[in-house]
Amino acid sequence: MSYSLVTEAEFCWVLDWLGPAGTREIAEHLPTSYKGAYMRLRRFDGTYVEHEEPPQRDFRWWLTDAGRAVVDEADLPPIEKVDLEEYFAGRQTSLNPNTILHEIAIYEAEWTPTSMLYDALPYAKSTIRVRLIRMHDDELVERDDSQKTNHWRLTAAGREQLAEADDTTPHDDTKRIFEQSTL
């Protein structure tokens with residue numbers, strides 16, 4: 001298992017194929033929920049995608065030239081020849097707690113502010129917050145709440161869990177969707 005739900009290029013690849021499409025339609029073709037697709041679209045808004053909000057509630061999204069360049073640079077097969085269900089089979093669709101541990105571990109002994117985790121991970125803030133609290137209760141992370149925002153650090157148990165995990169790094173060298181774009 002990997003941390004990547006889909007790479008930036010794969011996400012743009014599907015949107016390019018769909019053309020201007022609603023959030024729900026995009027989510028139906030990816031291993032994610034409506035909310036997950038919407039959050040990624042909002043993260044890419046203004047860089048890889050643009051949108052319009054029709055009178056109905058579902059936004060319509062399309063790729064920008066930068067989004068098309070991401071697809072063009074990627075080594076992806078022609079989408080018309082791909083069974084997307086098969087292509088995305090086995091991808092994670094929910095937040096693996098080891099994903100959070102991995103992000104905290106990047107900063108080693110430093111305290112990691114919650115806001116950095118929100119920026120690094122493509123999940124709802126509430127989802128990340130709930131997982132952090134559970135991991136704190138399970139003594140996998142320490143919490144410093146003496147500042148305006150909580151800060152987190154791995155405990156010995158958290159480092160041990162991460163070391164024993166099979167999925168502590170992305171499955172390949174492509175960018176994880178939740179990493180900063182290179183624009």
# chains A, B, ... in the order shown; residues from 1 in each chain; ligands from 1
>>> select_by_dssp(residues="chain A", states="helix (DSSP H, G or I)", output="PyMOL selection string")
chain A and resi 8-18+23-28+34-44+65-73+79-81+84-87+97-105+114-120+125-137+156-164
>>> residues_around(residues="Tyr38 of chain A", least_positions_apart="5", cutoff="12 Å", atoms="only C-alpha atoms", output="PDB file with C-alpha atoms, in the first residue's frame")
ATOM      1  CA  PHE A  11      -5.542  13.664 -11.101  1.00  0.00           C
ATOM      2  CA  ALA A  21     -16.677  18.350 -15.124  1.00  0.00           C
ATOM      3  CA  GLY A  22     -18.444  18.586 -11.815  1.00  0.00           C
ATOM      4  CA  THR A  23     -16.792  17.565  -8.583  1.00  0.00           C
ATOM      5  CA  ARG A  24     -19.055  14.550  -8.200  1.00  0.00           C
ATOM      6  CA  GLU A  25     -18.249  13.282 -11.709  1.00  0.00           C
ATOM      7  CA  ILE A  26     -14.515  13.639 -11.056  1.00  0.00           C
ATOM      8  CA  ALA A  27     -14.811  11.787  -7.733  1.00  0.00           C
ATOM      9  CA  GLU A  28     -16.618   8.898  -9.455  1.00  0.00           C
ATOM     10  CA  LEU A  30     -10.960   8.398  -8.735  1.00  0.00           C
ATOM     11  CA  THR A  32     -11.718   9.147  -3.360  1.00  0.00           C
ATOM     12  CA  SER A  33     -14.877  10.622  -1.953  1.00  0.00           C
ATOM     13  CA  ARG A  43      -5.796  22.945  -3.521  1.00  0.00           C
ATOM     14  CA  PHE A  44      -5.060  23.026  -7.277  1.00  0.00           C
ATOM     15  CA  ASP A  45      -7.453  25.923  -7.971  1.00  0.00           C
ATOM     16  CA  VAL A  49      -7.417  23.893 -12.434  1.00  0.00           C
ATOM     17  CA  HIS A  51     -13.674  26.540 -11.849  1.00  0.00           C
ATOM     18  CA  ASP A  58     -21.712  21.435  -7.989  1.00  0.00           C
ATOM     19  CA  PHE A  59     -18.697  23.365  -9.255  1.00  0.00           C
ATOM     20  CA  ARG A  60     -17.489  22.808 -12.837  1.00  0.00           C
ATOM     21  CA  TRP A  61     -13.714  22.331 -13.149  1.00  0.00           C
ATOM     22  CA  PRO A 122      -5.035  16.002   1.333  1.00  0.00           C
ATOM     23  CA  TYR A 123      -7.576  15.289   4.025  1.00  0.00           C
ATOM     24  CA  ALA A 124     -10.087  17.379   5.910  1.00  0.00           C
TER      25      ALA A 124
END
>>> atom_distance(atom1="atom CA of Pro77 of chain A", atom2="atom CA of Arg91 of chain A")
18.0 Å
>>> atom_distance(atom1="atom CA of Leu140 of chain A", atom2="atom CA of Pro97 of chain A")
10.1 Å
>>> select_by_dssp(residues="segment 4-163 of chain A", states="strand (DSSP E or B)", output="PyMOL selection string")
chain A and resi 7+21-22+45+49-52+60-63+112-113+141-144+151-154
>>> residues_around(residues="Ser115 of chain A", least_positions_apart="5", cutoff="9 Å", atoms="only C-alpha atoms", output="list in words")
Ala120, Lys125, Thr149, Asn150 and His151 of chain A
>>> closest_residue(among="A:Trp152, A:Trp62, A:Trp17, A:Tyr87", to="Glu139 of chain A", atoms="only C-alpha atoms")
A:Trp152
>>> atom_distance(atom1="atom CA of Val14 of chain A", atom2="atom CA of Arg57 of chain A")
21.5 Å
>>> residues_around(residues="segment 144-148 of chain A", least_positions_apart="3", cutoff="12 Å", atoms="only C-alpha atoms", output="ChimeraX atom specification")
/A:110-115,136,141,151-154
